Structures are given as C-alpha cells and as structure tokens.
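Beneath this line is the structure, given in structure tokens, with notes to follow.
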Amino acid sequence: MKDTPIRYYGSTQPLPRQISLRAGDLTMIYENGFLRYIRQGDTEVVRMIYHAIRDHNWDTMPTRIENEVIETGEDHFSVQYDCICETPSVSFTWKCFIKGNSDSHIQFEISGKALSRFRKNRVGFCVLHPPDTCAGFSCRVDHPDGSFTERIFPENISPHQPFKNIRQMTWAPEGKGKAVLSFEGDIFETEDQRNWTDASYKTYCTPLALPFPVEMQPGDTVFQKVSLSVEKREITPSSLEKNLTVTINRGKPSMPFPELGICRSTLRKSLSVEELLSLRAVGFHHYRVEVRFSDPDWPQQIAAAAGEAHSLGCRLYLAVFFGENAEAELDLLIKEISRFAARIKALVVFSTTAKTTTKKLIREVFTTLRRMFPGIETGVGTNMYFTEVNRERPAMHRPDFLAYSMNPQVHAFDNASLVETLVTQGNTVASAHHISEGKPIFVGPVSFKPRFNPNATASEKTFEEGVLPTRFDPRQFSLFGAGWTLGSIKYLGEAGAKAITYYETVDIYGIMTGTRITNWAKNLGLNEGEMFPVYVLLRHLLGLKNSRIIPTRSSHPLQIEALCISGQGKHLLVIASYSSEIQTVQVENLPIKVWSWCMENDNYDPLQAYTGKPFEEYAEKKELIDKTASFQIPPFGLLFLGF
C-alpha cells in the first residue's frame, strides 16, 4: 500500500496531463479540457476558463473527455473534444472547441445538449480572475443594453457580487496593458470566490437573482462562447523557470504560533487508551466537541469528551447549537458543564435556525454565560463558511472571538486548486478581523471536503452500505494532505488566526487509524495503529512549545510552501512539495549548522519520529558553506530542517 499513488496524493488515478500552449504573447496550461494560468510574461491574466454542470444542490457533476484532438504551433493552437456527463441523475454532452491565435486572442466555444431530465442551478462557462493581478484595479463592465459601468476588483473580500449583467470586461492586469473578455450565450456576473477560500474572482453564467433550480428537458441545448484578447506590450523574459527558493524573512516581525486543536471523532463514541496516548503525544491545545440538544445523549457526550480532553492534556472547545428555546437549553447546558467548567477553554454559540449567531441569541445567552463561567472564552460565528459571517455579520460588542469553518473543495477538487486556496485562507482571516472589530479569530473545523452541504435545496444522501461517505477524501492520509495542512497553518498563522481546529482524531477523517477501524478504512487498505503523515507533521510542529512563526517566502507557492517556527531556543523549518517530481529547493538565510530529515513515501510509519527523541538524534547533521543551501525533496515529500 505504501508505494501507491493514493499514499502520495490521495488517488489511484494518475495525475492529469498538463500541456503547455502558446497564443501569441500568451502562455497557458491545458488540463482536462480547460485552460489554466493564462499569462503574458510573468503577469497572470486569467487563472482558468472552464465549464461545469451544477445540479440542484450545487454539486459539480463529473465528466469525461472523448475524441480529443490537440494541434499546436509555435504561437498558436487548437483543441477540440467531446465532454460527456453520465451520472444516475444527469446525462449531458458537450462539443467543445478552443482556438488560440498568434495575435494573443483565445476563443472557447461549447455546444451542449441534455440527454435526460434533470434540475440544474448552472450549466456553462466560468472564468476565474487571479486576485494577485486584479485586486484594487479598475474594470470596465459592458452590459447587453450597450451601457457600461466602471468598477474595481475588490481588495477586501466582497460579500456580494462586485460585477453584474456582464457582456464584456476590460481591465489592465497589474495595471499593465489591456485585457478584454467577451461572453455570448447567457448573462454573466462576478462573485468573490475568496469567500470560500478559492483564490479567484469568478465570472459565471446565469445570475443568481434568477430562480433556480431550473429543469432541463431531453433535447434542450446550450451554446456559449468566451473570447479573450490581450493587447500586445513589451514584456520582460519570464522568470517562472527560475530556481525554487524558500527565504526565511528574519527581518520581519514574528507572530505567535496559533493554538491547534482536533475534533472529536464522528465515527467513534470513545477512544482507547492507546489512541489517547498517541494523540496526547501530539500536544494539541484544544479538543472540539459539538453539542446539539436534539441528540438525546448529549450530556453523556460532553462528560465523555471532558474525560478524553483531560487524557489528551488539553481543554475542551464546545460548539453549542441553540434552537428556538435557547434560554431553557442554556439552563440544561449550565447544569451539565458546571462540574468540569475548569476543563473548558472556549465555547462558541451557534444557531440552529440561522447561518450565523443572531443578535437575539447573543442577548439570551451571553450575560448568563459570562456570569456563570467568567474563565471561558465565549464566541460567535458560523459552523459554515467565511462567506456566512461576511454576509450576515454577528454583533461583536459582547463576544470574545469570531469563528467559522473552512474546506478547500466548495468549487474545485483537483490538487492544484486545493493548493491555490492556501494563500486565500489567510485573506479570510484578514477580512474577518475587520468583521470581528479586532477580536481573535478561531478557524475550524478545517477539513478536506465539506462536512455537510449548507446550500442544498434537497435532502442529502444518507450513508450506503459499502459506499464511502461523500465527505471523505483519501488525501486525508496522503503526503499531499500533510503538505496542504502545512500551507494552511502557515497562511492562517501568519494572518493572525488565534486558534485553528483540524480534522478528527481517528479513522478516515482523522490523523491516524486507531486501534479499532471501520470497514471503510479496511477497504481502503488501512491498518490498525497506523499514523498518517499529517500526524507526524503536527507532532513536530507542536513539539516546540510556546513557539512563534518566523515569516517565510516561497518563490513558487503552487509548487512548494514553507513554515518556520521558533521556540525553546530552537528553529524548525518545514518545506512541503506539491509536485510528483523530485524538486531541488534553495533555502536562504540558514545558519551554518542544520539538521535535516525528509518525510517521504516509505519512512513515516511508526519510526523514530514518534519515540520522543530529540529531532537531532535521528536527523542528518549538515555543515553548510554559506547561508544558502540546496536540498532535494522527493515527490510530495516534506523536508524538516532544524537549527
């Protein structure tokens, strides 16, 4: 099992083929029928042009490509293919044609036909705009009636659509030159996808103001076209092929390392002694437990969780969901938690009837909570996404902190898109600080996939025997998953998040299998007592007590990312690779003596990393000639440097 793709990047399928294309001044990547990272020199003009089918629950339907023909020249290309969607609920086919010309013009056409009856929220094109080159710059929006408006790509995350009723967009990426996007076949508008941690603004078809879902009938057709033209200008030779470099920015202020926690398992009602000991060794700061008064055994769950938190050496973080009779529920809660209030670090107040904590709920519970438990931090927010607190902002004059959850797969599911979300996670914290009026930010749970669908317009499927739950992602136990977690901690921590809660304790949503595993875990080839790479990462990071983050910079954050912490007179730099190839990375501003160890595909199952030995006892000592050194990182490996 170790030497399989699922252990590297969470899939048994090969990584998608990437083909470099050129259209005049423009370079781009063709992948799975879509165009990515369209650049003019070093300037990213468009992040992605793609098409999608979103069903009545906003789920993206899977497709496959057939009859693909790709023709390339030195400064032009053409691509055509059939795109087939066949699921139990949706049958649809596209004819797709892409052409890139030597005058830096790209045209993407899709002609679709429904082969079955289904309900859709959206069918057609989406264009992603990179915030790095767009934020703060002007955009002219031409409308179908011939009028136009001048707008700005928002810098702070916009809760609502910044551009509407779009026929054409004209802007200057990074303030240079001119780019023009034209749309045919539907009405388009733009939303700020950073609300869901996507690293983009998205221009999509069919305005949300129109009723949805809409029923498609067999034989219904869809035709759309997107055209991109970029004005020719002088560009410097691209620096994108330069060496991969990680720089430790010692001159910038450090910041506190966030308090890291873990969620109680939703698959297991109790933890064994062996599991508790393994989890205690990580050193978590808190143990998150959900309290729902609709569960008949909620008092027993709290009592059991309090005992587990004590065994883990950390305190409870309670997420309490109040209903319409909040004052009566509060009386019940106080009765149950009074006997172990000292074990509770924080309590966040959620509503079962609203997406964010309401003013009414704050009035009903906060005064009593403060009087009864002055030592417990009490917060508000949402169990859903940042977008909810951005759109329905809780009153912050009484709460101690603002909380929201996060996952990288609301809109896209491939590895590259997941890596793109990392920098945006930090953007949500920066915007959240404005909403919270400067009060601390608690992020979590952070999971690889949505824990539930907050926007479903119909009931979600229940578990089926032998079928993995939709919220499971095998990247949970992959090297890529550990590297993604490293990037998440880096950006959330550097942005100033006070506390972050990741994943669950054991089994398929956990950081280890545990001593009693589900049939799901067994069918995936997992074994009892198995530690995942993310366990190793968290144990190393939390091994330095009272640490601080030293800012770092990656030259190619979609290929490598780094986190540096210091504590107890030591430093730990961890560099994660997001590539399937061996990568050589230069590290700048190192001391002369370092210790190095690389977690790769065959060396992280219970070995010396978990024995409690000092890092220097199993890492390799290196004497450097100067403060810049090169290191090789194997596919999806994590390089640990101690100094």
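The way I read the labels, and the way they are meant: chains A, B, ... in the order of the structure tokens, residue 1 as the first residue of every chain, and ligand 1 as the first ligand shown, with later ones counted on from there.
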Within 12 Å of region 76-100 of chain A: each region 170-285 of chain A residue with its shortest pair, only C-alpha atoms, as CSV:
residue,atom,partner,partner_atom,distance
A:Glu215,CA,A:Val90,CA,11.1
A:Met216,CA,A:Val90,CA,9.6
A:Gln217,CA,A:Ser91,CA,10.5
A:Pro218,CA,A:Ser91,CA,8.9
A:Gly219,CA,A:Phe92,CA,9.6
A:Asp220,CA,A:Phe92,CA,9.7
A:Thr221,CA,A:Trp94,CA,9.5
A:Val222,CA,A:Trp94,CA,8.8
A:Phe223,CA,A:Trp94,CA,9.3
A:Gln224,CA,A:Cys96,CA,10.0
A:Lys225,CA,A:Phe97,CA,9.5
A:Val226,CA,A:Ile98,CA,9.6
A:Ser227,CA,A:Lys99,CA,9.6
A:Leu228,CA,A:Gly100,CA,9.4
A:Ser229,CA,A:Gly100,CA,9.9
A:Val230,CA,A:Gly100,CA,11.6
Put those residues in a file: N, CA and C atoms, as a PDB file, in the first residue's frame.
ATOM      1  N   GLU A 215     -35.460  23.118 -14.465  1.00  0.00           N
ATOM      2  CA  GLU A 215     -35.500  21.759 -15.005  1.00  0.00           C
ATOM      3  C   GLU A 215     -35.089  21.756 -16.468  1.00  0.00           C
ATOM      4  N   MET A 216     -34.077  20.936 -16.783  1.00  0.00           N
ATOM      5  CA  MET A 216     -33.661  20.723 -18.171  1.00  0.00           C
ATOM      6  C   MET A 216     -34.430  19.526 -18.715  1.00  0.00           C
ATOM      7  N   GLN A 217     -34.856  19.627 -19.980  1.00  0.00           N
ATOM      8  CA  GLN A 217     -35.586  18.542 -20.629  1.00  0.00           C
ATOM      9  C   GLN A 217     -34.701  17.887 -21.685  1.00  0.00           C
ATOM     10  N   PRO A 218     -34.891  16.595 -21.968  1.00  0.00           N
ATOM     11  CA  PRO A 218     -34.113  15.948 -23.039  1.00  0.00           C
ATOM     12  C   PRO A 218     -34.253  16.728 -24.350  1.00  0.00           C
ATOM     13  N   GLY A 219     -33.123  17.011 -24.967  1.00  0.00           N
ATOM     14  CA  GLY A 219     -33.118  17.777 -26.205  1.00  0.00           C
ATOM     15  C   GLY A 219     -32.824  19.249 -26.023  1.00  0.00           C
ATOM     16  N   ASP A 220     -32.904  19.774 -24.787  1.00  0.00           N
ATOM     17  CA  ASP A 220     -32.550  21.173 -24.543  1.00  0.00           C
ATOM     18  C   ASP A 220     -31.076  21.409 -24.874  1.00  0.00           C
ATOM     19  N   THR A 221     -30.778  22.556 -25.488  1.00  0.00           N
ATOM     20  CA  THR A 221     -29.404  22.847 -25.907  1.00  0.00           C
ATOM     21  C   THR A 221     -28.875  24.100 -25.222  1.00  0.00           C
ATOM     22  N   VAL A 222     -27.543  24.158 -25.149  1.00  0.00           N
ATOM     23  CA  VAL A 222     -26.840  25.302 -24.566  1.00  0.00           C
ATOM     24  C   VAL A 222     -25.670  25.642 -25.483  1.00  0.00           C
ATOM     25  N   PHE A 223     -25.553  26.915 -25.881  1.00  0.00           N
ATOM     26  CA  PHE A 223     -24.375  27.371 -26.630  1.00  0.00           C
ATOM     27  C   PHE A 223     -23.801  28.594 -25.925  1.00  0.00           C
ATOM     28  N   GLN A 224     -22.495  28.567 -25.698  1.00  0.00           N
ATOM     29  CA  GLN A 224     -21.814  29.702 -25.083  1.00  0.00           C
ATOM     30  C   GLN A 224     -20.427  29.871 -25.702  1.00  0.00           C
ATOM     31  N   LYS A 225     -19.943  31.113 -25.648  1.00  0.00           N
ATOM     32  CA  LYS A 225     -18.593  31.399 -26.157  1.00  0.00           C
ATOM     33  C   LYS A 225     -17.936  32.449 -25.258  1.00  0.00           C
ATOM     34  N   VAL A 226     -16.673  32.186 -24.945  1.00  0.00           N
ATOM     35  CA  VAL A 226     -15.847  33.145 -24.219  1.00  0.00           C
ATOM     36  C   VAL A 226     -14.653  33.500 -25.095  1.00  0.00           C
ATOM     37  N   SER A 227     -14.384  34.802 -25.254  1.00  0.00           N
ATOM     38  CA  SER A 227     -13.238  35.265 -26.040  1.00  0.00           C
ATOM     39  C   SER A 227     -12.344  36.136 -25.159  1.00  0.00           C
ATOM     40  N   LEU A 228     -11.043  35.899 -25.247  1.00  0.00           N
ATOM     41  CA  LEU A 228     -10.050  36.693 -24.504  1.00  0.00           C
ATOM     42  C   LEU A 228      -9.057  37.289 -25.476  1.00  0.00           C
ATOM     43  N   SER A 229      -8.876  38.606 -25.411  1.00  0.00           N
ATOM     44  CA  SER A 229      -7.862  39.299 -26.206  1.00  0.00           C
ATOM     45  C   SER A 229      -6.982  40.110 -25.270  1.00  0.00           C
ATOM     46  N   VAL A 230      -5.678  40.077 -25.508  1.00  0.00           N
ATOM     47  CA  VAL A 230      -4.735  40.820 -24.685  1.00  0.00           C
ATOM     48  C   VAL A 230      -3.890  41.700 -25.589  1.00  0.00           C
TER      49      VAL A 230
END
Write out as a ChimeraX atom specification which residues come within 8 Å of Ser488 (chain A) when counting only C-alpha atoms, dropping same-chain ones fewer than 6 positions away.
-> /A:422-423,425
Give me a file of those residues, with N, CA and C atoms, as a compact mmCIF listing (two decimals), in the first residue's frame.
# COMPACT_ATOMS: atom_id res chain seq x y z
N LEU A 422 -4.64 28.01 -0.38
CA LEU A 422 -3.87 28.23 0.85
C LEU A 422 -3.68 29.72 1.15
N VAL A 423 -3.22 30.48 0.17
CA VAL A 423 -2.99 31.90 0.41
C VAL A 423 -4.29 32.62 0.76
N GLN A 425 -6.79 31.44 2.43
CA GLN A 425 -7.18 31.20 3.81
C GLN A 425 -6.72 32.36 4.70
Counting only C-alpha atoms, figure out which residue out of A:Ile500, A:Cys205, A:Glu561, A:Trp484 gets nearest to Arg54 (chain A).
->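 Closest residue, counting only C-alpha atoms: A:Cys205.
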With distances taken over only C-alpha atoms, which of A:Ser111, A:Leu312, A:Val246, A:Asp145 is nearest to Ala629 (chain A)?
->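 Closest residue, counting only C-alpha atoms: A:Val246.
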Between A:Thr357, A:Gln583, A:Asn603, A:Asn453, smallest distance to Val410 (chain A) by only C-alpha atoms belongs to A:Asn453
Exercise: Asp59 (chain A) partners within 12 Å, only C-alpha atoms, chain neighbours under 5 positions left out, as an NGL selection string = :A and (52-54 or 89-90 or 119-123 or 409-413 or 450 or 452-458 or 460 or 470)
Helix (DSSP H, G or I) residues, from DSSP on the backbone, in region 144-279 of chain A, as a PyMOL selection string = chain A and resi 173-175+193-196+273-279
I need the chosen residues saved as a PDB file, in the first residue's frame, with C-alpha atoms.
ATOM      1  CA  PRO A 173      -3.689  43.103 -15.227  1.00  0.00           C
ATOM      2  CA  GLU A 174      -1.261  44.502 -12.618  1.00  0.00           C
ATOM      3  CA  GLY A 175      -2.045  47.890 -14.168  1.00  0.00           C
ATOM      4  CA  GLN A 193     -14.731  33.267  -4.501  1.00  0.00           C
ATOM      5  CA  ARG A 194     -12.310  34.102  -1.709  1.00  0.00           C
ATOM      6  CA  ASN A 195     -15.417  33.814   0.477  1.00  0.00           C
ATOM      7  CA  TRP A 196     -14.966  30.039   0.105  1.00  0.00           C
ATOM      8  CA  VAL A 273      -6.024   4.051  25.982  1.00  0.00           C
ATOM      9  CA  GLU A 274      -3.530   3.503  23.140  1.00  0.00           C
ATOM     10  CA  GLU A 275      -5.266   6.100  20.981  1.00  0.00           C
ATOM     11  CA  LEU A 276      -5.386   8.630  23.803  1.00  0.00           C
ATOM     12  CA  LEU A 277      -1.668   8.177  24.463  1.00  0.00           C
ATOM     13  CA  SER A 278      -0.795   8.613  20.767  1.00  0.00           C
ATOM     14  CA  LEU A 279      -2.936  11.742  20.495  1.00  0.00           C
TER      15      LEU A 279
END
Skip region 324-339 of chain A itself and residues of its chain fewer than 5 positions away, then list as a VMD selection string all residues within 8 Å of it, counting only C-alpha atoms.
-> chain A and resid 293 299 302 352 to 353 361 364 to 365 372
Those residues with all heavy atoms, as a PDB file, in the first residue's frame please?
ATOM      1  N   PHE A 293     -28.666  19.862  21.192  1.00  0.00           N
ATOM      2  CA  PHE A 293     -29.683  19.462  22.154  1.00  0.00           C
ATOM      3  C   PHE A 293     -30.694  18.489  21.548  1.00  0.00           C
ATOM      4  O   PHE A 293     -31.456  17.856  22.286  1.00  0.00           O
ATOM      5  CB  PHE A 293     -30.382  20.701  22.716  1.00  0.00           C
ATOM      6  CG  PHE A 293     -29.445  21.610  23.458  1.00  0.00           C
ATOM      7  CD1 PHE A 293     -28.975  22.783  22.881  1.00  0.00           C
ATOM      8  CD2 PHE A 293     -29.002  21.278  24.728  1.00  0.00           C
ATOM      9  CE1 PHE A 293     -28.111  23.622  23.558  1.00  0.00           C
ATOM     10  CE2 PHE A 293     -28.124  22.109  25.416  1.00  0.00           C
ATOM     11  CZ  PHE A 293     -27.680  23.280  24.826  1.00  0.00           C
ATOM     12  N   PRO A 299     -25.703  15.011  27.001  1.00  0.00           N
ATOM     13  CA  PRO A 299     -24.974  15.162  28.273  1.00  0.00           C
ATOM     14  C   PRO A 299     -23.877  14.118  28.445  1.00  0.00           C
ATOM     15  O   PRO A 299     -22.780  14.428  28.934  1.00  0.00           O
ATOM     16  CB  PRO A 299     -26.079  14.995  29.328  1.00  0.00           C
ATOM     17  CG  PRO A 299     -27.345  15.323  28.624  1.00  0.00           C
ATOM     18  CD  PRO A 299     -27.144  14.804  27.240  1.00  0.00           C
ATOM     19  N   ILE A 302     -20.809  15.078  26.337  1.00  0.00           N
ATOM     20  CA  ILE A 302     -19.969  16.115  26.938  1.00  0.00           C
ATOM     21  C   ILE A 302     -19.111  15.522  28.046  1.00  0.00           C
ATOM     22  O   ILE A 302     -17.906  15.804  28.149  1.00  0.00           O
ATOM     23  CB  ILE A 302     -20.821  17.270  27.498  1.00  0.00           C
ATOM     24  CG1 ILE A 302     -21.525  18.017  26.386  1.00  0.00           C
ATOM     25  CG2 ILE A 302     -19.941  18.253  28.268  1.00  0.00           C
ATOM     26  CD1 ILE A 302     -22.378  19.178  26.870  1.00  0.00           C
ATOM     27  N   THR A 352     -29.357  27.041  15.400  1.00  0.00           N
ATOM     28  CA  THR A 352     -29.882  26.004  14.506  1.00  0.00           C
ATOM     29  C   THR A 352     -30.870  26.575  13.497  1.00  0.00           C
ATOM     30  O   THR A 352     -31.263  25.891  12.557  1.00  0.00           O
ATOM     31  CB  THR A 352     -30.587  24.897  15.304  1.00  0.00           C
ATOM     32  OG1 THR A 352     -31.689  25.461  16.027  1.00  0.00           O
ATOM     33  CG2 THR A 352     -29.627  24.226  16.275  1.00  0.00           C
ATOM     34  N   THR A 353     -31.254  27.833  13.670  1.00  0.00           N
ATOM     35  CA  THR A 353     -32.264  28.436  12.802  1.00  0.00           C
ATOM     36  C   THR A 353     -31.705  29.521  11.893  1.00  0.00           C
ATOM     37  O   THR A 353     -32.432  30.077  11.072  1.00  0.00           O
ATOM     38  CB  THR A 353     -33.399  29.037  13.652  1.00  0.00           C
ATOM     39  OG1 THR A 353     -32.856  30.034  14.523  1.00  0.00           O
ATOM     40  CG2 THR A 353     -34.082  27.951  14.475  1.00  0.00           C
ATOM     41  N   LEU A 361     -30.011  35.675  19.934  1.00  0.00           N
ATOM     42  CA  LEU A 361     -29.357  34.588  20.658  1.00  0.00           C
ATOM     43  C   LEU A 361     -28.251  35.128  21.567  1.00  0.00           C
ATOM     44  O   LEU A 361     -28.078  34.662  22.697  1.00  0.00           O
ATOM     45  CB  LEU A 361     -28.786  33.582  19.656  1.00  0.00           C
ATOM     46  CG  LEU A 361     -28.131  32.325  20.220  1.00  0.00           C
ATOM     47  CD1 LEU A 361     -29.066  31.594  21.170  1.00  0.00           C
ATOM     48  CD2 LEU A 361     -27.695  31.397  19.084  1.00  0.00           C
ATOM     49  N   GLU A 364     -29.850  36.448  24.659  1.00  0.00           N
ATOM     50  CA  GLU A 364     -30.441  35.421  25.510  1.00  0.00           C
ATOM     51  C   GLU A 364     -29.415  34.629  26.314  1.00  0.00           C
ATOM     52  O   GLU A 364     -29.725  34.157  27.411  1.00  0.00           O
ATOM     53  CB  GLU A 364     -31.286  34.454  24.666  1.00  0.00           C
ATOM     54  CG  GLU A 364     -32.560  35.078  24.122  1.00  0.00           C
ATOM     55  CD  GLU A 364     -33.316  34.144  23.207  1.00  0.00           C
ATOM     56  OE1 GLU A 364     -32.680  33.258  22.589  1.00  0.00           O
ATOM     57  OE2 GLU A 364     -34.546  34.299  23.088  1.00  0.00           O
ATOM     58  N   VAL A 365     -28.208  34.472  25.788  1.00  0.00           N
ATOM     59  CA  VAL A 365     -27.287  33.539  26.456  1.00  0.00           C
ATOM     60  C   VAL A 365     -26.008  34.174  26.991  1.00  0.00           C
ATOM     61  O   VAL A 365     -25.407  33.641  27.928  1.00  0.00           O
ATOM     62  CB  VAL A 365     -26.920  32.360  25.518  1.00  0.00           C
ATOM     63  CG1 VAL A 365     -28.159  31.653  25.022  1.00  0.00           C
ATOM     64  CG2 VAL A 365     -26.053  32.810  24.347  1.00  0.00           C
ATOM     65  N   MET A 372     -21.802  32.966  34.834  1.00  0.00           N
ATOM     66  CA  MET A 372     -21.577  31.636  35.376  1.00  0.00           C
ATOM     67  C   MET A 372     -20.157  31.140  35.116  1.00  0.00           C
ATOM     68  O   MET A 372     -19.580  30.428  35.941  1.00  0.00           O
ATOM     69  CB  MET A 372     -22.586  30.659  34.771  1.00  0.00           C
ATOM     70  CG  MET A 372     -24.034  30.948  35.129  1.00  0.00           C
ATOM     71  SD  MET A 372     -24.364  30.799  36.894  1.00  0.00           S
ATOM     72  CE  MET A 372     -24.025  29.068  37.162  1.00  0.00           C
TER      73      MET A 372
END
What lies within 10 Å of Phe163 (chain A) using only C-alpha atoms, ignoring chain neighbours under 4 positions off, as an mmCIF file with C-alpha atoms, in the first residue's frame?
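Full text of part.cif as output:
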data_model
loop_
_atom_site.group_PDB
_atom_site.id
_atom_site.type_symbol
_atom_site.label_atom_id
_atom_site.label_comp_id
_atom_site.auth_asym_id
_atom_site.auth_seq_id
_atom_site.Cartn_x
_atom_site.Cartn_y
_atom_site.Cartn_z
ATOM 1 C CA CYS A 139 -12.543 47.072 -14.587
ATOM 2 C CA ARG A 140 -14.929 48.394 -17.232
ATOM 3 C CA VAL A 141 -18.081 46.249 -17.452
ATOM 4 C CA THR A 149 -20.013 50.844 -15.661
ATOM 5 C CA GLU A 150 -16.582 51.316 -14.098
ATOM 6 C CA ARG A 151 -15.875 49.099 -11.105
ATOM 7 C CA ILE A 152 -12.913 47.954 -9.003
ATOM 8 C CA PHE A 153 -11.830 44.388 -8.316
ATOM 9 C CA MET A 169 -14.939 43.071 -19.228
ATOM 10 C CA PHE A 188 -22.792 36.632 -16.661
ATOM 11 C CA GLU A 189 -21.872 38.120 -13.284
ATOM 12 C CA THR A 190 -18.870 38.003 -10.938
ATOM 13 C CA GLU A 191 -18.557 36.821 -7.332
ATOM 14 C CA ASP A 192 -15.633 36.941 -4.937
ATOM 15 C CA THR A 203 -17.323 35.302 -13.594
#
Might you pull out every residue within 9 Å of Ile549 (chain A), with only C-alpha atoms counted and same-chain residues fewer than 5 positions away left off, and present them as a list in words?
->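 Counting only the stated atoms, we get Pro253, Ser254, Met255, Pro256, Phe257, Pro258, Lys490, Gly493, Glu494, Leu563, Cys564, Ile565 and Ser566 of chain A.
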Distance criterion (only C-alpha atoms): nearest to Tyr618 (chain A) out of A:Cys598, A:Val429, A:Ala395, A:Leu402 = A:Cys598
What is the CA of Gln40 (chain A) to CA of Leu26 (chain A) distance in Å?
->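 Pair CA of Gln40 (chain A) / CA of Leu26 (chain A) returns 4.9 Å.
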Hey, what's within 8 Å of Ile441 (chain A) if we count only C-alpha atoms and toss same-chain stuff fewer than 3 positions away? As a PDB file with N, CA, C and O atoms, in the first residue's frame, please?
ATOM      1  N   PHE A 401     -14.600  36.201  20.610  1.00  0.00           N
ATOM      2  CA  PHE A 401     -13.941  35.826  19.358  1.00  0.00           C
ATOM      3  C   PHE A 401     -14.981  35.534  18.285  1.00  0.00           C
ATOM      4  O   PHE A 401     -16.175  35.386  18.575  1.00  0.00           O
ATOM      5  N   LEU A 402     -14.504  35.469  17.039  1.00  0.00           N
ATOM      6  CA  LEU A 402     -15.336  35.147  15.874  1.00  0.00           C
ATOM      7  C   LEU A 402     -14.850  33.825  15.285  1.00  0.00           C
ATOM      8  O   LEU A 402     -13.640  33.619  15.133  1.00  0.00           O
ATOM      9  N   ALA A 403     -15.784  32.927  14.934  1.00  0.00           N
ATOM     10  CA  ALA A 403     -15.415  31.594  14.445  1.00  0.00           C
ATOM     11  C   ALA A 403     -16.109  31.280  13.120  1.00  0.00           C
ATOM     12  O   ALA A 403     -17.246  31.704  12.890  1.00  0.00           O
ATOM     13  N   VAL A 429      -8.834  35.505   7.102  1.00  0.00           N
ATOM     14  CA  VAL A 429      -8.528  35.961   8.463  1.00  0.00           C
ATOM     15  C   VAL A 429      -8.376  37.478   8.488  1.00  0.00           C
ATOM     16  O   VAL A 429      -8.879  38.154   9.398  1.00  0.00           O
ATOM     17  N   ALA A 432     -11.753  38.833   8.248  1.00  0.00           N
ATOM     18  CA  ALA A 432     -12.505  38.508   9.462  1.00  0.00           C
ATOM     19  C   ALA A 432     -12.152  39.449  10.605  1.00  0.00           C
ATOM     20  O   ALA A 432     -13.005  39.769  11.445  1.00  0.00           O
ATOM     21  N   HIS A 433     -10.907  39.907  10.657  1.00  0.00           N
ATOM     22  CA  HIS A 433     -10.518  40.840  11.713  1.00  0.00           C
ATOM     23  C   HIS A 433     -11.288  42.162  11.602  1.00  0.00           C
ATOM     24  O   HIS A 433     -11.555  42.821  12.609  1.00  0.00           O
ATOM     25  N   SER A 436     -14.738  41.255  13.049  1.00  0.00           N
ATOM     26  CA  SER A 436     -14.706  40.991  14.493  1.00  0.00           C
ATOM     27  C   SER A 436     -14.295  42.205  15.309  1.00  0.00           C
ATOM     28  O   SER A 436     -14.180  42.111  16.530  1.00  0.00           O
ATOM     29  N   GLY A 496      -2.664  35.790  11.463  1.00  0.00           N
ATOM     30  CA  GLY A 496      -3.035  36.148  12.820  1.00  0.00           C
ATOM     31  C   GLY A 496      -4.190  35.382  13.418  1.00  0.00           C
ATOM     32  O   GLY A 496      -4.774  35.831  14.414  1.00  0.00           O
ATOM     33  N   ALA A 497      -4.555  34.199  12.856  1.00  0.00           N
ATOM     34  CA  ALA A 497      -5.587  33.376  13.495  1.00  0.00           C
ATOM     35  C   ALA A 497      -5.098  32.948  14.872  1.00  0.00           C
ATOM     36  O   ALA A 497      -3.968  32.487  15.027  1.00  0.00           O
ATOM     37  N   LYS A 498      -5.949  33.087  15.875  1.00  0.00           N
ATOM     38  CA  LYS A 498      -5.537  32.714  17.227  1.00  0.00           C
ATOM     39  C   LYS A 498      -5.611  31.211  17.441  1.00  0.00           C
ATOM     40  O   LYS A 498      -4.753  30.617  18.108  1.00  0.00           O
ATOM     41  N   ALA A 499      -6.653  30.550  16.901  1.00  0.00           N
ATOM     42  CA  ALA A 499      -6.852  29.117  17.107  1.00  0.00           C
ATOM     43  C   ALA A 499      -7.349  28.486  15.817  1.00  0.00           C
ATOM     44  O   ALA A 499      -8.143  29.087  15.084  1.00  0.00           O
TER      45      ALA A 499
END
Assign secondary structure with DSSP using the backbone only, and return the residues of region 369-434 of chain A in strand (DSSP E) as number ranges by chain.
-> A: 377-381, 401-406
Go ahead and write the residues just picked, C-alpha atoms, as an mmCIF file, in the first residue's frame.
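Okay, this is what ended up in selection_3.cif:
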data_model
loop_
_atom_site.group_PDB
_atom_site.id
_atom_site.type_symbol
_atom_site.label_atom_id
_atom_site.label_comp_id
_atom_site.auth_asym_id
_atom_site.auth_seq_id
_atom_site.Cartn_x
_atom_site.Cartn_y
_atom_site.Cartn_z
ATOM 1 C CA GLU A 377 -13.837 32.431 26.237
ATOM 2 C CA THR A 378 -17.210 32.758 24.502
ATOM 3 C CA GLY A 379 -17.552 33.416 20.787
ATOM 4 C CA VAL A 380 -19.976 33.665 17.886
ATOM 5 C CA GLY A 381 -19.921 32.982 14.157
ATOM 6 C CA PHE A 401 -13.941 35.826 19.358
ATOM 7 C CA LEU A 402 -15.336 35.147 15.874
ATOM 8 C CA ALA A 403 -15.415 31.594 14.445
ATOM 9 C CA TYR A 404 -16.016 29.995 11.039
ATOM 10 C CA SER A 405 -15.177 26.689 9.371
ATOM 11 C CA MET A 406 -13.233 26.012 6.198
#
Name the closest residue to Arg7 (chain A) among the candidates A:Ile550, A:Ala304, A:Ile633, A:Leu524; distances are taken between atoms, counting only C-alpha atoms.
->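 Result for the nearest residue to Arg7 (chain A): A:Leu524.
Minimum atom-to-atom distances from A:Ile248, A:Thr358, A:Ser431, A:Phe477 to Pro154 (chain A) were compared using only C-alpha atoms, and the lowest value belongs to A:Ser431.
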